[in-house]
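S.K.: My structure is below; once you've seen it, I'll send some questions.
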Amino acid sequence: MVRQSTTRRAPQRDAADLFASRVLVCDGAMGTMLQAAGSPLDIALCELSLTRPELVKAIHGAYIAAGADIIETNTFGACSTRLARYGLEDRVAEINHAAVRAARDAVAASDRQVLVAGSVGPATPTNSRGRTSGAVLRESFREQIAALVEAGVDLIILETFGNTDELIEAINAAHDVSPTLPIVAQMTFMEDGRTLAGETPAEVARRVEGLNIAALGANCTHGPQGLLEILAELSRHTSLPLAAQPNAGSPTFVDGRFQYATDAAYLARYAGRYVQAGAALVGGCCGTTPAHVEAMVAAVKGLRPPVRRRASSATAGADSPEGSSSAVIPSRLMQKLAAREFVVIGEMAPPAGGAADQAILDAAVLKDDGASAVLIGQTSSPRAQVSPTSLAVLVQQRVPNLEAILTVATWEKSVMSLQADLLGAYAFGVRHVIARTGTPPLLGDYPNTGGFWDVDSVELIQLLRGLNEGHDRHGIALAQPTAFVIGARINPAAEDVEREIEDSRRKIEAGVDFLITPPTFDVTALETLMDAAKVPEDLPVLLGVMPLRDFNHAEYLQHEVPGITLTESQLERMWRAREDGAIEGMAIARELIDQARASRRLRGIVLTSSNNDIAELTGLMREVTS
């Protein structure tokens, strides 16, 4: 059993009178102070209460010496759902007890009565916002808060919450554990004045007004000036005492450490303004130090919290999303697939160099020959090329009534760049995306190196689905949802069949709208894979078809291109064809197309030329679409 602290504890106060007599000053940053002391960024900082308790105690002591009335325990993220990332999910109580003990020991070493607040952050794991159930969140909060209460905190500070639903789960969990313990609830707001979930300060205030909390406020993300604007807006919509804990401005990353430039005097000036706006609690978040806290203590000394009177609510329309949702252009491709039309798509490769005029002409030819859409392939050469995104935009805008399907490979960009490019393409009319993990092109002595791979194809599908639901990879709300049509690859010639089956299932579960194959020469093998992967009957699957040029081409694909396999009979036919190889290759392609048409499972084809020769495809496309 973990030994509880025996140091003195301030008498517990009712939530209504915690901030009644004077403005209280909370401490500043714990995380950036620990990092400044040499702690790396890739560990659970809350675990330092166990491994380096004297360091944590020293930071608390510095804030107490600066005059802080409240110090927060080193327990941000110390819940099971967040600690699981580090394999520490079974040590929640131990870590939280140790953190309270370090804070209590620091208070005991001083000659002042200082309140110890249990710091509780969002329980949602990083990059999992919206994908964790309320029951799991509440149980995670309840476990951590119970440990904090058992160890002897005086109040709970819920901080840096980006979603009001999760904040309410935390408030309810705290009330379940200790109905009388004062709770300070703090949201974090983005640069647009909304939470990560897209909520305005007014919406947050209305939802938590009657939940018996001691104060409502904001912390993190903003510096002193930006947080004042948020606080002023909160003040208009709640009668609760307010709390404000800004960052020390915006950071720069230097020599492996985040550095903040805001000086103490500047932050202290804004502490006084926070009080004028209704704050009963002021403090600091990322980048703030004991020097900042000392300056704030001096700035608010003797000030009493203002009497809070809720201002009249703004009109109903004031908090509605800005602007009306623009009409979503329906996907003609998906309409044809839904009508069970047999669709034909032509694939194009991004051209080398900066000239795209010929590619636009090729796209127009494919449309005239009956293509329902064009698939823009991924970058396949180390030479400078027009980006697939740019080519998709050009085709979408310059070839009337032709839809571009953009291949997005995750190896070449960070997740933030992927999101930015996707939203940019969407703004220019691109709606169809094929999600691929991809492989960098060969270059130099060490080929296939230098990729990002922040996400794989399945995670990219989830990212796209999130954008369609109105939030980005990190759960931050968009001003308006997207309407991407999401595709992915399924490959019957994959070397690891079991893995391909599992990957296909994951893609389907992630929410794809259609599947395509790479150039495929065995329709029976594809249907077997579809059965094994449990591809739904109503999920369109398109067969990739590539005409063979000659036997050398067939042999090259068979032995040198991963993920493409020809049947023995096809290889034999190409060998026997000799100088008539191109004719035989077209015959094989026609047979595959006929099999696709006859299959009840396949809904179309993607025609591909091995050397991006559009002329090679036009005659075949006219035959298929006539």
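Starting from 1 in every chain, residues are counted up; chains themselves are A, B, ... following the order of the structure tokens, and ligands are numbered from 1 as listed.
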Please identify the strand (DSSP E or B) residues within stretch 81-275 of chain A (assignment by DSSP from backbone atoms) and present them as a PyMOL selection string.
M.R.: chain A and resi 115-120+155-161+183-187+189+195+215-219+242-245+251-254+257-260
S.K.: Could you write out the selected residues, including N, CA, C and O atoms, as a compact mmCIF listing (two decimals), in the first residue's frame?
M.R.:
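Output file part32.txt is given in full below:
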```txt
# COMPACT_ATOMS: atom_id res chain seq x y z
N LEU A 115 -2.39 26.01 -0.81
CA LEU A 115 -3.29 24.95 -1.22
C LEU A 115 -2.62 24.05 -2.27
O LEU A 115 -1.88 24.54 -3.12
N VAL A 116 -2.90 22.78 -2.17
CA VAL A 116 -2.40 21.82 -3.16
C VAL A 116 -3.56 21.39 -4.04
O VAL A 116 -4.55 20.83 -3.56
N ALA A 117 -3.43 21.68 -5.34
CA ALA A 117 -4.46 21.33 -6.31
C ALA A 117 -4.03 20.12 -7.11
O ALA A 117 -2.89 20.05 -7.59
N GLY A 118 -4.92 19.16 -7.25
CA GLY A 118 -4.64 18.01 -8.09
C GLY A 118 -4.86 18.36 -9.54
O GLY A 118 -5.97 18.70 -9.95
N SER A 119 -3.80 18.32 -10.33
CA SER A 119 -3.89 18.65 -11.76
C SER A 119 -4.40 17.42 -12.53
O SER A 119 -3.83 16.34 -12.45
N VAL A 120 -5.49 17.64 -13.28
CA VAL A 120 -6.08 16.57 -14.09
C VAL A 120 -6.27 17.10 -15.51
O VAL A 120 -6.96 18.10 -15.71
N LEU A 155 -8.10 20.80 -3.69
CA LEU A 155 -9.03 21.06 -4.79
C LEU A 155 -8.53 20.35 -6.02
O LEU A 155 -7.41 19.83 -6.05
N ILE A 156 -9.36 20.32 -7.03
CA ILE A 156 -9.00 19.72 -8.31
C ILE A 156 -9.01 20.82 -9.38
O ILE A 156 -9.95 21.62 -9.45
N ILE A 157 -7.96 20.86 -10.20
CA ILE A 157 -7.94 21.76 -11.36
C ILE A 157 -7.96 20.89 -12.61
O ILE A 157 -7.01 20.15 -12.89
N LEU A 158 -9.07 20.96 -13.32
CA LEU A 158 -9.20 20.30 -14.61
C LEU A 158 -8.71 21.27 -15.66
O LEU A 158 -9.29 22.35 -15.83
N GLU A 159 -7.66 20.93 -16.40
CA GLU A 159 -7.03 21.93 -17.27
C GLU A 159 -6.72 21.39 -18.66
O GLU A 159 -6.57 20.19 -18.87
N THR A 160 -6.67 22.35 -19.60
CA THR A 160 -6.29 22.09 -20.99
C THR A 160 -7.27 21.14 -21.68
O THR A 160 -6.87 20.35 -22.53
N PHE A 161 -8.53 21.23 -21.35
CA PHE A 161 -9.54 20.40 -22.02
C PHE A 161 -9.96 21.07 -23.32
O PHE A 161 -10.18 22.29 -23.37
N ILE A 183 -13.77 22.40 -7.48
CA ILE A 183 -13.28 22.07 -8.82
C ILE A 183 -13.12 23.35 -9.63
O ILE A 183 -14.04 24.16 -9.74
N VAL A 184 -11.93 23.52 -10.21
CA VAL A 184 -11.69 24.59 -11.19
C VAL A 184 -11.61 23.92 -12.55
O VAL A 184 -10.83 22.97 -12.74
N ALA A 185 -12.43 24.39 -13.49
CA ALA A 185 -12.48 23.77 -14.83
C ALA A 185 -11.93 24.75 -15.86
O ALA A 185 -12.44 25.87 -15.98
N GLN A 186 -10.90 24.33 -16.58
CA GLN A 186 -10.26 25.20 -17.56
C GLN A 186 -10.21 24.52 -18.93
O GLN A 186 -9.71 23.42 -19.07
N MET A 187 -10.72 25.23 -19.93
CA MET A 187 -10.66 24.77 -21.31
C MET A 187 -9.47 25.44 -22.00
O MET A 187 -8.95 26.47 -21.54
N PHE A 189 -8.44 27.09 -25.76
CA PHE A 189 -9.06 27.62 -26.98
C PHE A 189 -7.99 27.88 -28.03
O PHE A 189 -6.89 28.34 -27.71
N THR A 195 -12.73 25.99 -29.07
CA THR A 195 -12.00 24.86 -28.51
C THR A 195 -11.56 23.93 -29.63
O THR A 195 -11.92 24.11 -30.80
N ALA A 215 -14.86 27.52 -10.25
CA ALA A 215 -14.44 28.54 -11.22
C ALA A 215 -14.35 27.90 -12.60
O ALA A 215 -14.14 26.69 -12.73
N LEU A 216 -14.52 28.75 -13.59
CA LEU A 216 -14.41 28.33 -14.99
C LEU A 216 -13.40 29.23 -15.68
O LEU A 216 -13.40 30.45 -15.46
N GLY A 217 -12.54 28.67 -16.49
CA GLY A 217 -11.55 29.52 -17.13
C GLY A 217 -10.89 28.87 -18.32
O GLY A 217 -11.39 27.92 -18.92
N ALA A 218 -9.72 29.42 -18.65
CA ALA A 218 -8.97 28.96 -19.83
C ALA A 218 -7.50 28.92 -19.47
O ALA A 218 -7.00 29.71 -18.66
N ASN A 219 -6.79 28.00 -20.12
CA ASN A 219 -5.34 27.93 -19.93
C ASN A 219 -4.71 27.42 -21.22
O ASN A 219 -5.37 26.89 -22.11
N LEU A 242 -13.89 33.36 -12.58
CA LEU A 242 -13.10 32.96 -13.74
C LEU A 242 -11.66 32.65 -13.34
O LEU A 242 -11.16 33.14 -12.32
N ALA A 243 -11.00 31.85 -14.16
CA ALA A 243 -9.60 31.49 -13.94
C ALA A 243 -8.83 31.68 -15.24
O ALA A 243 -9.36 31.39 -16.32
N ALA A 244 -7.61 32.17 -15.13
CA ALA A 244 -6.81 32.44 -16.33
C ALA A 244 -5.37 32.03 -16.09
O ALA A 244 -4.71 32.52 -15.17
N GLN A 245 -4.87 31.12 -16.95
CA GLN A 245 -3.48 30.67 -16.87
C GLN A 245 -2.89 30.60 -18.27
O GLN A 245 -2.89 29.54 -18.91
N PRO A 251 6.34 29.72 -28.24
CA PRO A 251 7.68 29.19 -28.04
C PRO A 251 8.50 29.13 -29.32
O PRO A 251 7.95 29.13 -30.43
N THR A 252 9.79 29.06 -29.17
CA THR A 252 10.70 28.67 -30.25
C THR A 252 11.44 27.42 -29.79
O THR A 252 11.61 27.21 -28.58
N PHE A 253 11.84 26.60 -30.74
CA PHE A 253 12.51 25.34 -30.41
C PHE A 253 13.99 25.51 -30.69
O PHE A 253 14.41 25.61 -31.84
N VAL A 254 14.81 25.55 -29.65
CA VAL A 254 16.24 25.82 -29.77
C VAL A 254 17.02 24.76 -29.00
O VAL A 254 16.77 24.55 -27.80
N ARG A 257 15.07 22.27 -26.92
CA ARG A 257 14.23 22.77 -25.84
C ARG A 257 13.31 23.87 -26.35
O ARG A 257 13.68 24.65 -27.24
N PHE A 258 12.10 23.94 -25.77
CA PHE A 258 11.19 25.04 -26.08
C PHE A 258 11.57 26.24 -25.22
O PHE A 258 11.77 26.12 -24.01
N GLN A 259 11.65 27.40 -25.86
CA GLN A 259 11.99 28.64 -25.16
C GLN A 259 10.87 29.65 -25.36
O GLN A 259 10.34 29.80 -26.47
N TYR A 260 10.52 30.35 -24.27
CA TYR A 260 9.43 31.33 -24.30
C TYR A 260 10.01 32.72 -23.99
O TYR A 260 10.86 32.86 -23.12
```
S.K.: As a list in words, please: the residues near A:Glu572 (cut-off 12 Å, only C-alpha atoms, same-chain neighbours under 6 positions excluded).
M.R.: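 My list of contacting residues is Asp550, Phe551, Ala554, Glu555, Leu566, Arg578, Gly581, Glu584, Gly585 and Ile588 of chain A.
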S.K.: Which residue is closest to A:Gly77? Choose from A:Ser110, A:Arg104, A:Ala232, A:Thr124 and count only C-alpha atoms.
M.R.: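 For A:Gly77, the nearest of the candidates is A:Thr124.
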S.K.: When DSSP is applied to the backbone of this structure, which of stretch 49-133 of chain A are assigned alpha helix (DSSP H)? Write them out as a PyMOL selection string.
M.R.: chain A and resi 49-51+53-65+80-83+92-108
S.K.: Tell me which protein, DNA and RNA residues are within 12 Å of A:Leu303, counting only C-alpha atoms, leaving out same-chain ones fewer than 6 positions away, and put them as a ChimeraX atom specification.
M.R.: /A:19-25,271-276,278-282,296-297
S.K.: If we count only C-alpha atoms, what is near stretch 451-464 of chain A at a cut-off of 8 Å, once residues fewer than 5 positions away on the same chain are taken out, given as a ChimeraX atom specification?
M.R.: /A:409-415,435-437,439-440,472-473,484,486,488,503,506-507,510-512
S.K.: Do you know which residues are at most 8 Å from A:Glu169 counting only C-alpha atoms, after dropping those on the same chain fewer than 4 positions away, and could you put them as a ChimeraX atom specification?
M.R.: /A:134,137-138,141,165,173
S.K.: Just how far from atom CA of A:Val545 is atom CA of A:Leu617, in Å to one decimal?
M.R.: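 It comes out at 10.2 Å.
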S.K.: Considering only C-alpha atoms, return as a PyMOL selection string whatever protein or nucleic-acid residues lie within 9 Å of A:Ala352, sequence-local ones (same chain, fewer than 6 positions apart) excluded.
M.R.: chain A and resi 381+383-386
S.K.: Please determine, counting only C-alpha atoms, which residue among A:Glu495, A:Ala197, A:His292, A:His237 has the shortest atom-to-atom distance to A:Glu469.
M.R.: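 Under the stated criterion, the closest residue is A:Ala197.
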S.K.: Using only C-alpha atoms, which of A:Thr73, A:Gln35, A:Thr379, A:Asn172 sits nearest A:Gly287?
M.R.: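 Looking only at the distances to A:Gly287, the closest residue turns out to be A:Gln35.
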S.K.: Between atom CA of A:Phe428 and atom CA of A:Glu341, what is the distance in Å, rounded to a tenth?
M.R.: 27.3 Å
S.K.: Tell me which protein, DNA and RNA residues are within 9 Å of stretch 81-85 of chain A, counting only C-alpha atoms, leaving out same-chain ones fewer than 4 positions away, and put them as a PyMOL selection string.
M.R.: chain A and resi 44+77+89-92+122-126+136-137+140
S.K.: Between atom CA of A:Thr407 and atom CA of A:Ile434, measure the distance and give it in Å to one decimal.
M.R.: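 Computed distance, atom CA of A:Thr407 to atom CA of A:Ile434, equals 4.6 Å.
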